[in-house]
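Right, one structure below, let's go through it.
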Amino acid sequence: MSDLMKVTIDGITVEVAPGTSILNAARQIGGDIVPPAMCYYSKLEGSGGKCRTCIVKVTKGSEKDPRPMPKLVASCRTTVMDGMEVQNITSPEVLEARNGVVEMLLINHPLDCPICDQAGECDLQNLGYENGLQRTRYEFERRTFERIDIGDKIQLHMNRCILCYRCVFTADQITNKRVHGILNRGDHSEISTYIQTAVDNDFSGNVIDVCPVGALTDRTFRFKNRVWFTKPVDAHRDCNHEKCNGKVTLWYKGADVLRVTARKDQFGEVEEFICNECRFEKKATADWTIEHPTHIPDTSVISSNHYETFKPLPVIKENLALQEANKVELEKTSKF
Amino acid sequence: MGRKLLLEHINVPGINTLEVYRQKGGYRAVEKALKTLTPDEVVEEVKKSGLRGRGGAGFPTGMKWSFLAKPEGVARYLVCNADESEPGTFKDRYLMTYIPHALIEGMIVSSFALGANTSYIYVRGEMMPQIRILEKAIAEAKAAGFLGKNILGTGYDLELYVQPGGGAYICGEETALLESLEGKRGNPRIKPPFPAIAGLYGCPTVVNNVESIAAVVPIINDGGDEYAKVGIGRSTGTKLISASGNLVKPGVYEIELGLPVEEFIYSDEYCGGIANGKRLKATVAGGSSVPILPANLTLKYANGEPRLMSYESLSEGGFATGTMMGSGGFIAFDEDQCIVRNTWNFARFYHHESCGQCSPCREGTGWLEKVLHRLEYGHGKMSDIDLLVDVSKKIEGNTICPLGDAAAWPVASAIRHFRDEFEWHVKEPVKSLSSNYGLANYAVPIERKVEEVKQDNL
């Protein structure tokens, strides 16, 4: 008898360690069946369960207790049981509920992607693209807040926030001084720092990386460029900070380093948090040892003008009108 | 006259003092439980009584107690949920104001049963007078030796604390209550783990409603079997109903479960009928978060059988034609009331009280409120009605805590039963601002359907 637990997600069986969440089990399988996660962050203790985009249907509780769970559950906070059977993309009920959640997330979002620095690497954009409606049914004024500068390097743009609490957990877990949290409740709640004091910590810049949307952005990169015009390159340096190992991604435009971020894995989570010195101060190629170009999945808009992808976008493949309109371009790509 | 177990001595002058309460047989249950019973026997009595949680969900209390984890060397807690803030419910406030010792006696017995040496009563912040009353009563009980170290010489210690909340509705949800009690922001926790495993300060905790805890006293006094004889079926005992709205005699009534709804509304012993000679249009049977029902379905099932005040009977017919017992906040609407306005009012409440933690509830409640506001003030569209149904469906069941469901059900049920009235608001935007839709056919009595008996030809 092994200690591993067998769980079947959308018909694919995987064996995982006890205590693994359904989401992490799905990530071990990978591919399309991984539920999207807007608030769960594997590096942050206590995160998850809030955005409800990762909901799945448990059709069989476990080998011992085969009853299905009565409601859809948040896969990021539900641990697997031996013999559990889960439906994600094979269940129309899940997809409908997820579309509903995405719609809810978007009704008060300003949809200012054309002027948002996060556009192109925004989880909400991806999610809306995959699960959203083409239009909005919400005909009321969206809620608005004033922009707040958290220190001289980070800007909080509360209009765009989806209240995932990731930055709150980050700020809580990297410092012992609790100055970053939520004010008010309901749909008028907002992220705030204690009477607008700057979060003063060597690692505070990481809230930018964990933010799934453009609510927390890098002021040193503000309006400098669109991310898909920049080229990401992995690099490292000898960082003096004890907790930072200096492994980063540099985003180049021509010969200039426009910004520095932590390296992100395939699920958009940073591999290791980096210090503010690496992030904000070191913006010359001379500071870094370049490793190699960052691998960007070919589904990302960032890779669309750069590396290996000359394939037509999926949306063009399905639509005859778009194929007609992109005829010249498609002919070009067929040469490669 | 129905049997009274909790409010038997409510009209005795000075029942809020320990002295009078003792004269009327108070603290008998403490003496009986602590001196003659073991904690497990108390739990067994409560199980036998069939007592179901009086806070809204109706989960059997004895069962909840037996789920409590009992690891060695870890403190256990009993927390009394007195954060009563549902629109239409005011029974706990009444109980705490007039017989605070009933709650304290129940707390002592329940804490003994669960092995808790520290217990809390979490009272809603707005109820400042009740907090003072409870603190005074606790001081009295302590002076008489019912609280503190070595109660009645049995070696059992119990400290009882009253904790005022900040006045948020969400803190009535048990895990949000525990967060708030710990001094954090009152956000519901993600379950599992349930409080019975890891609750207050990470220790096993039971959270019970005021009325459930007070009901333990008659159970111990008379025995669980005796208590189970009151009531009907799986709904045993008596229940406090806070009746409000267009009634002749609104107020808190103790009923035996199984009382016909019609009798409760119209008999002189209880509400005494609809005020000012009007006719009943609709009721909300268990506090704002349960589905609203038109008059005819309130009194009878869809098949014509009379509806009773019990957990099973009120929910007969599911969501299509039934409602729920909830926390016993019975609101009656007469023919002059506007259901659209009422639904908007409820939606406004849930919008204001949503904690903002999970997205469907945070965004959806605000959306519902705005669409309902538009309908009520004559700017609505026909498509808004289906939009409301769709939005409420997207909230329901997808949230961390039941507040999302509680926000969605009143809207969905109002549209299910009163769709004509919503449509009238769209068609007559000007008229609907100055007059009401009226009773329409919402009170047409439902005929008892006679089942056709197949008769063989003789």
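Every chain in the structure tokens has a letter given in the order shown (A, B, ...), and although residue numbers restart at 1 in each chain, ligands are simply numbered from 1 in the order shown.
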Per-residue nearest contacts chain A to chain B, cut-off 7 Å, using only C-alpha atoms, as a tab-separated table:
```
residue	atom	partner	partner_atom	distance
A:Gly49	CA	B:Ile190	CA	6.6
A:Lys50	CA	B:Cys358	CA	4.3
A:Cys51	CA	B:Cys358	CA	5.3
A:Arg52	CA	B:Cys358	CA	6.8
A:Lys71	CA	B:Gly397	CA	6.2
A:Leu72	CA	B:Asn398	CA	6.7
A:Ala97	CA	B:Lys394	CA	6.1
A:Gly100	CA	B:Lys394	CA	5.5
A:Val101	CA	B:Pro360	CA	5.8
A:Met104	CA	B:Glu363	CA	5.6
A:Leu105	CA	B:Ser359	CA	6.3
A:Arg185	CA	B:Cys355	CA	4.9
A:Gly186	CA	B:Gly356	CA	3.7
A:Asp187	CA	B:Arg362	CA	5.1
A:Ser189	CA	B:Gly356	CA	6.5
```
Any chance you could export the current selection's N, CA and C atoms as a tab-separated table (two decimals), in the first residue's frame?
```
chain	number	residue	atom	x	y	z
A	49	GLY	N	-8.88	30.45	-2.57
A	49	GLY	CA	-10.26	30.28	-2.12
A	49	GLY	C	-11.13	31.51	-2.31
A	50	LYS	N	-10.56	32.61	-2.78
A	50	LYS	CA	-11.33	33.85	-2.80
A	50	LYS	C	-11.93	34.19	-4.16
A	51	CYS	N	-11.15	33.98	-5.23
A	51	CYS	CA	-11.63	34.47	-6.53
A	51	CYS	C	-12.67	33.56	-7.14
A	52	ARG	N	-12.65	32.29	-6.80
A	52	ARG	CA	-13.61	31.28	-7.25
A	52	ARG	C	-13.49	30.95	-8.73
A	71	LYS	N	-21.69	20.97	-3.68
A	71	LYS	CA	-21.49	22.21	-4.41
A	71	LYS	C	-20.19	22.13	-5.19
A	72	LEU	N	-20.01	23.07	-6.11
A	72	LEU	CA	-18.71	23.20	-6.76
A	72	LEU	C	-17.72	23.66	-5.69
A	97	ALA	N	-20.38	28.20	-14.49
A	97	ALA	CA	-20.14	28.92	-13.25
A	97	ALA	C	-18.88	29.77	-13.36
A	100	GLY	N	-19.49	32.80	-15.19
A	100	GLY	CA	-20.17	33.74	-14.31
A	100	GLY	C	-19.19	34.47	-13.42
A	101	VAL	N	-18.23	33.74	-12.87
A	101	VAL	CA	-17.24	34.37	-11.99
A	101	VAL	C	-16.42	35.40	-12.76
A	104	MET	N	-18.32	38.47	-13.23
A	104	MET	CA	-18.34	39.24	-11.99
A	104	MET	C	-17.03	40.01	-11.79
A	105	LEU	N	-15.92	39.34	-12.10
A	105	LEU	CA	-14.62	39.99	-11.92
A	105	LEU	C	-14.48	41.19	-12.84
A	185	ARG	N	-15.53	47.06	3.37
A	185	ARG	CA	-15.98	45.71	3.02
A	185	ARG	C	-16.88	45.76	1.80
A	186	GLY	N	-17.17	44.58	1.30
A	186	GLY	CA	-18.03	44.47	0.13
A	186	GLY	C	-17.35	45.02	-1.10
A	187	ASP	N	-18.13	45.52	-2.05
A	187	ASP	CA	-17.51	45.95	-3.30
A	187	ASP	C	-16.87	47.33	-3.18
A	189	SER	N	-14.55	47.67	-0.80
A	189	SER	CA	-13.32	47.43	-0.04
A	189	SER	C	-12.12	47.73	-0.93
```
Can you tell me, as a tab-separated table (two decimals) with C-alpha atoms, in the first residue's frame, which residues in region 170-300 of chain B count as strand (DSSP E or B) by DSSP?
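Just written: selection29.tsv:
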```
chain	number	residue	atom	x	y	z
B	205	THR	CA	-14.76	25.00	18.97
B	206	VAL	CA	-18.52	24.74	18.92
B	207	VAL	CA	-20.52	27.77	17.82
B	208	ASN	CA	-24.20	27.74	18.77
B	209	ASN	CA	-27.06	30.18	18.53
B	231	GLY	CA	-43.12	19.34	18.22
B	232	ILE	CA	-43.64	17.27	15.11
B	235	SER	CA	-38.68	19.25	14.30
B	236	THR	CA	-38.77	18.84	18.04
B	238	THR	CA	-40.40	24.92	20.72
B	239	LYS	CA	-39.10	27.76	18.62
B	240	LEU	CA	-39.04	31.49	19.14
B	241	ILE	CA	-40.54	33.29	16.18
B	242	SER	CA	-40.06	37.01	15.82
B	243	ALA	CA	-43.11	38.16	13.92
B	244	SER	CA	-43.02	41.54	12.22
B	245	GLY	CA	-44.66	43.38	9.38
B	247	LEU	CA	-49.63	42.07	11.76
B	251	GLY	CA	-43.62	40.40	18.57
B	252	VAL	CA	-41.67	37.38	19.77
B	253	TYR	CA	-43.75	34.23	20.20
B	254	GLU	CA	-42.75	30.84	21.43
B	255	ILE	CA	-44.50	28.21	19.36
B	256	GLU	CA	-44.54	24.47	19.43
B	259	LEU	CA	-48.30	24.79	14.52
B	260	PRO	CA	-50.21	25.50	11.30
B	274	ILE	CA	-53.31	41.23	9.37
B	280	LEU	CA	-52.09	38.99	3.38
B	281	LYS	CA	-50.03	39.22	0.19
B	282	ALA	CA	-46.74	37.51	0.99
B	283	THR	CA	-44.56	36.27	3.81
B	284	VAL	CA	-40.92	35.76	4.49
B	292	ILE	CA	-40.32	34.80	-0.09
B	293	LEU	CA	-43.68	33.12	-0.63
B	294	PRO	CA	-47.03	34.48	-1.82
B	300	LYS	CA	-50.91	25.65	1.87
```
query = Any idea what's packed within 10 Å of Thr175 (chain A), counting only C-alpha atoms, ignoring anything in its chain fewer than 5 positions away? Could you give it as a ChimeraX atom specification?
reply = /A:170,199-204
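Take CA of Arg52 (chain B) and CA of Phe194 (chain B): the distance between them is 18.4 Å.
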request  = Mind giving me the straight-line distance from CA of Glu179 (chain B) to CA of Leu200 (chain B) in Å, one decimal?
outcome  = 7.6 Å
Contacts of Leu368 (chain B) within 8 Å, only C-alpha atoms, excl. fewer than 5 positions in-chain, as a PDB file with C-alpha atoms, in the first residue's frame:
```
ATOM      1  CA  ALA B 347     -30.550  43.293  -1.902  1.00  0.00           C
ATOM      2  CA  LEU B 388     -31.548  39.201 -12.139  1.00  0.00           C
ATOM      3  CA  VAL B 391     -26.957  36.855 -11.774  1.00  0.00           C
ATOM      4  CA  SER B 392     -28.498  35.285  -8.695  1.00  0.00           C
TER       5      SER B 392
END
```
request  = Just give me the gap between CA of Met382 (chain B) and CA of Cys338 (chain B) in Å, one decimal is fine.
outcome  = 18.0 Å
ask   = What lies within 10 Å of Ala262 (chain A) using only C-alpha atoms, ignoring chain neighbours under 6 positions off, as a PyMOL selection string?
value = chain A and resi 205-206+208-210+234+246-250+269-275+278-279
Store the residues picked out above, limited to N, CA and C atoms, as a tab-separated table (two decimals), in the first residue's frame.
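What follows is the written file part_37.tsv:
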```tsv
chain	number	residue	atom	x	y	z
A	205	GLY	N	8.82	45.25	-3.51
A	205	GLY	CA	8.56	45.25	-4.94
A	205	GLY	C	7.90	43.98	-5.44
A	206	ASN	N	7.95	42.92	-4.65
A	206	ASN	CA	7.35	41.66	-5.09
A	206	ASN	C	5.84	41.72	-5.19
A	208	ILE	N	4.33	43.71	-6.86
A	208	ILE	CA	4.05	43.97	-8.28
A	208	ILE	C	3.97	42.65	-9.04
A	209	ASP	N	4.90	41.74	-8.74
A	209	ASP	CA	4.92	40.47	-9.46
A	209	ASP	C	3.75	39.58	-9.11
A	210	VAL	N	3.33	39.61	-7.85
A	210	VAL	CA	2.25	38.69	-7.49
A	210	VAL	C	0.90	39.21	-7.95
A	234	ASP	N	16.77	36.01	-19.30
A	234	ASP	CA	17.12	35.60	-17.94
A	234	ASP	C	18.54	36.04	-17.62
A	246	GLY	N	19.35	36.94	-6.60
A	246	GLY	CA	19.68	37.71	-7.80
A	246	GLY	C	19.33	37.08	-9.12
A	247	LYS	N	18.40	36.10	-9.12
A	247	LYS	CA	18.00	35.51	-10.40
A	247	LYS	C	16.76	36.23	-10.90
A	248	VAL	N	16.89	36.86	-12.06
A	248	VAL	CA	15.81	37.73	-12.52
A	248	VAL	C	15.55	37.55	-14.00
A	249	THR	N	14.52	38.24	-14.48
A	249	THR	CA	14.29	38.38	-15.91
A	249	THR	C	14.46	39.86	-16.25
A	250	LEU	N	15.29	40.15	-17.24
A	250	LEU	CA	15.45	41.53	-17.70
A	250	LEU	C	14.57	41.72	-18.93
A	269	GLU	N	3.65	32.16	-11.63
A	269	GLU	CA	4.08	32.43	-10.27
A	269	GLU	C	5.59	32.65	-10.25
A	270	VAL	N	6.05	33.54	-9.40
A	270	VAL	CA	7.49	33.80	-9.38
A	270	VAL	C	8.19	32.59	-8.78
A	271	GLU	N	9.40	32.34	-9.30
A	271	GLU	CA	10.15	31.20	-8.77
A	271	GLU	C	10.77	31.57	-7.44
A	272	GLU	N	11.42	32.74	-7.40
A	272	GLU	CA	11.98	33.20	-6.13
A	272	GLU	C	11.79	34.71	-6.05
A	273	PHE	N	11.44	35.18	-4.86
A	273	PHE	CA	11.25	36.61	-4.68
A	273	PHE	C	12.60	37.32	-4.79
A	274	ILE	N	12.59	38.51	-5.36
A	274	ILE	CA	13.85	39.26	-5.48
A	274	ILE	C	13.77	40.55	-4.68
A	275	CYS	N	14.92	41.11	-4.38
A	275	CYS	CA	14.96	42.30	-3.53
A	275	CYS	C	14.76	43.57	-4.36
A	278	CYS	N	17.73	44.77	-6.72
A	278	CYS	CA	17.80	44.13	-8.03
A	278	CYS	C	16.70	44.65	-8.95
A	279	ARG	N	15.53	44.85	-8.38
A	279	ARG	CA	14.38	45.20	-9.19
A	279	ARG	C	14.42	46.64	-9.69
```
task = Counting only C-alpha atoms, figure out which residue out of B:Met96, B:Val290, B:Val217, B:Met325 gets nearest to Met127 (chain B).
result = B:Met96
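For the choices A:Val207, A:Cys239, A:Val86, A:Val233, the atom-to-atom distance to Trp251 (chain A) is smallest for A:Val233 when using only C-alpha atoms.
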task = Can you pull out every residue within 10 Å of Val230 (chain B), counting only C-alpha atoms, but drop anything in the same chain fewer than 2 positions away, and send it as a ChimeraX atom specification?
result = /B:2-3,5,49,225-228,232-233,235-238,256-258
Kindly save the residues from that selection, with C-alpha atoms included, as a PDB file, in the first residue's frame.
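Dumped to again.pdb:
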```
ATOM      1  CA  GLY B   2     -49.019  26.035  23.232  1.00  0.00           C
ATOM      2  CA  ARG B   3     -46.401  24.780  25.606  1.00  0.00           C
ATOM      3  CA  LEU B   5     -40.329  26.047  27.568  1.00  0.00           C
ATOM      4  CA  SER B  49     -34.000  15.587  22.316  1.00  0.00           C
ATOM      5  CA  ASP B 225     -37.093  12.213  25.572  1.00  0.00           C
ATOM      6  CA  GLU B 226     -39.612  14.541  27.166  1.00  0.00           C
ATOM      7  CA  TYR B 227     -38.387  17.427  25.003  1.00  0.00           C
ATOM      8  CA  ALA B 228     -38.643  15.316  21.882  1.00  0.00           C
ATOM      9  CA  ILE B 232     -43.640  17.273  15.113  1.00  0.00           C
ATOM     10  CA  GLY B 233     -41.473  14.707  13.363  1.00  0.00           C
ATOM     11  CA  SER B 235     -38.683  19.255  14.296  1.00  0.00           C
ATOM     12  CA  THR B 236     -38.773  18.840  18.037  1.00  0.00           C
ATOM     13  CA  GLY B 237     -39.358  21.326  20.809  1.00  0.00           C
ATOM     14  CA  THR B 238     -40.399  24.923  20.720  1.00  0.00           C
ATOM     15  CA  GLU B 256     -44.545  24.468  19.427  1.00  0.00           C
ATOM     16  CA  LEU B 257     -43.108  23.333  16.133  1.00  0.00           C
ATOM     17  CA  GLY B 258     -45.883  21.917  13.996  1.00  0.00           C
TER      18      GLY B 258
END
```
request  = Could you give me the residues within region 246-455 of chain B that DSSP places in alpha helix (DSSP H), as a ChimeraX atom specification?
outcome  = /B:261-266,295-299,311-314,318-321,339-353,359-376,382-395,403-427,431-434
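Of the listed residues (A:Cys122, A:Ser47, A:Lys153, A:Asn245), A:Ser47 comes nearest to Val168 (chain A); the distances count only C-alpha atoms.
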Give me the residues near Pro18 (chain A) as a short mmCIF file (atom, residue, chain, number, x, y, z; two decimals) with N, CA and C atoms, in the first residue's frame, where near means some atom within 12 Å (using only C-alpha atoms) and where sequence neighbours in that chain fewer than 2 positions away do not count.
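Writing the result to part-v6.cif gives the following:
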```cif
data_model
loop_
_atom_site.label_atom_id
_atom_site.label_comp_id
_atom_site.auth_asym_id
_atom_site.auth_seq_id
_atom_site.Cartn_x
_atom_site.Cartn_y
_atom_site.Cartn_z
N SER A 2 0.69 2.06 -1.01
CA SER A 2 1.53 3.26 -1.09
C SER A 2 0.86 4.41 -0.38
N ASP A 3 1.65 5.43 -0.09
CA ASP A 3 1.10 6.61 0.56
C ASP A 3 0.47 7.57 -0.44
N LEU A 4 0.65 7.27 -1.72
CA LEU A 4 0.15 8.21 -2.71
C LEU A 4 -1.36 8.06 -2.89
N MET A 5 -1.97 9.15 -3.27
CA MET A 5 -3.41 9.12 -3.48
C MET A 5 -3.71 9.24 -4.96
N LYS A 6 -4.67 8.44 -5.38
CA LYS A 6 -5.04 8.44 -6.78
C LYS A 6 -6.18 9.42 -6.98
N VAL A 7 -6.02 10.33 -7.92
CA VAL A 7 -7.11 11.25 -8.20
C VAL A 7 -7.27 11.34 -9.71
N GLU A 15 -1.19 10.22 -9.50
CA GLU A 15 -0.96 9.88 -8.11
C GLU A 15 -0.21 11.01 -7.44
N VAL A 16 -0.76 11.49 -6.35
CA VAL A 16 -0.13 12.63 -5.68
C VAL A 16 0.02 12.32 -4.20
N THR A 20 -2.20 17.20 -0.99
CA THR A 20 -2.12 18.03 -2.19
C THR A 20 -3.51 18.57 -2.51
N SER A 21 -3.57 19.79 -3.00
CA SER A 21 -4.87 20.31 -3.41
C SER A 21 -5.19 19.81 -4.80
N ILE A 22 -6.48 19.90 -5.14
CA ILE A 22 -6.90 19.44 -6.47
C ILE A 22 -6.18 20.24 -7.54
N ASN A 24 -3.21 21.64 -7.44
CA ASN A 24 -1.83 21.22 -7.61
C ASN A 24 -1.74 19.85 -8.27
N ALA A 25 -2.73 19.00 -7.99
CA ALA A 25 -2.76 17.71 -8.67
C ALA A 25 -2.96 17.93 -10.17
N THR A 78 -9.13 22.65 -1.73
CA THR A 78 -9.72 21.36 -1.41
C THR A 78 -8.65 20.30 -1.60
N THR A 79 -8.38 19.53 -0.56
CA THR A 79 -7.33 18.52 -0.70
C THR A 79 -7.92 17.26 -1.31
N VAL A 80 -7.05 16.53 -2.00
CA VAL A 80 -7.51 15.32 -2.70
C VAL A 80 -7.69 14.19 -1.69
N MET A 81 -8.60 13.30 -2.04
CA MET A 81 -8.80 12.08 -1.28
C MET A 81 -8.51 10.92 -2.24
N ASP A 82 -8.21 9.77 -1.67
CA ASP A 82 -7.89 8.63 -2.52
C ASP A 82 -9.13 8.22 -3.31
N GLY A 83 -8.98 8.14 -4.61
CA GLY A 83 -10.07 7.71 -5.46
C GLY A 83 -11.01 8.83 -5.87
#
```
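Distances to Ala286 (chain A) were evaluated for A:Leu163, A:Leu320, A:Ala171, A:Ala235 using only C-alpha atoms, and the minimum falls at A:Ala235.
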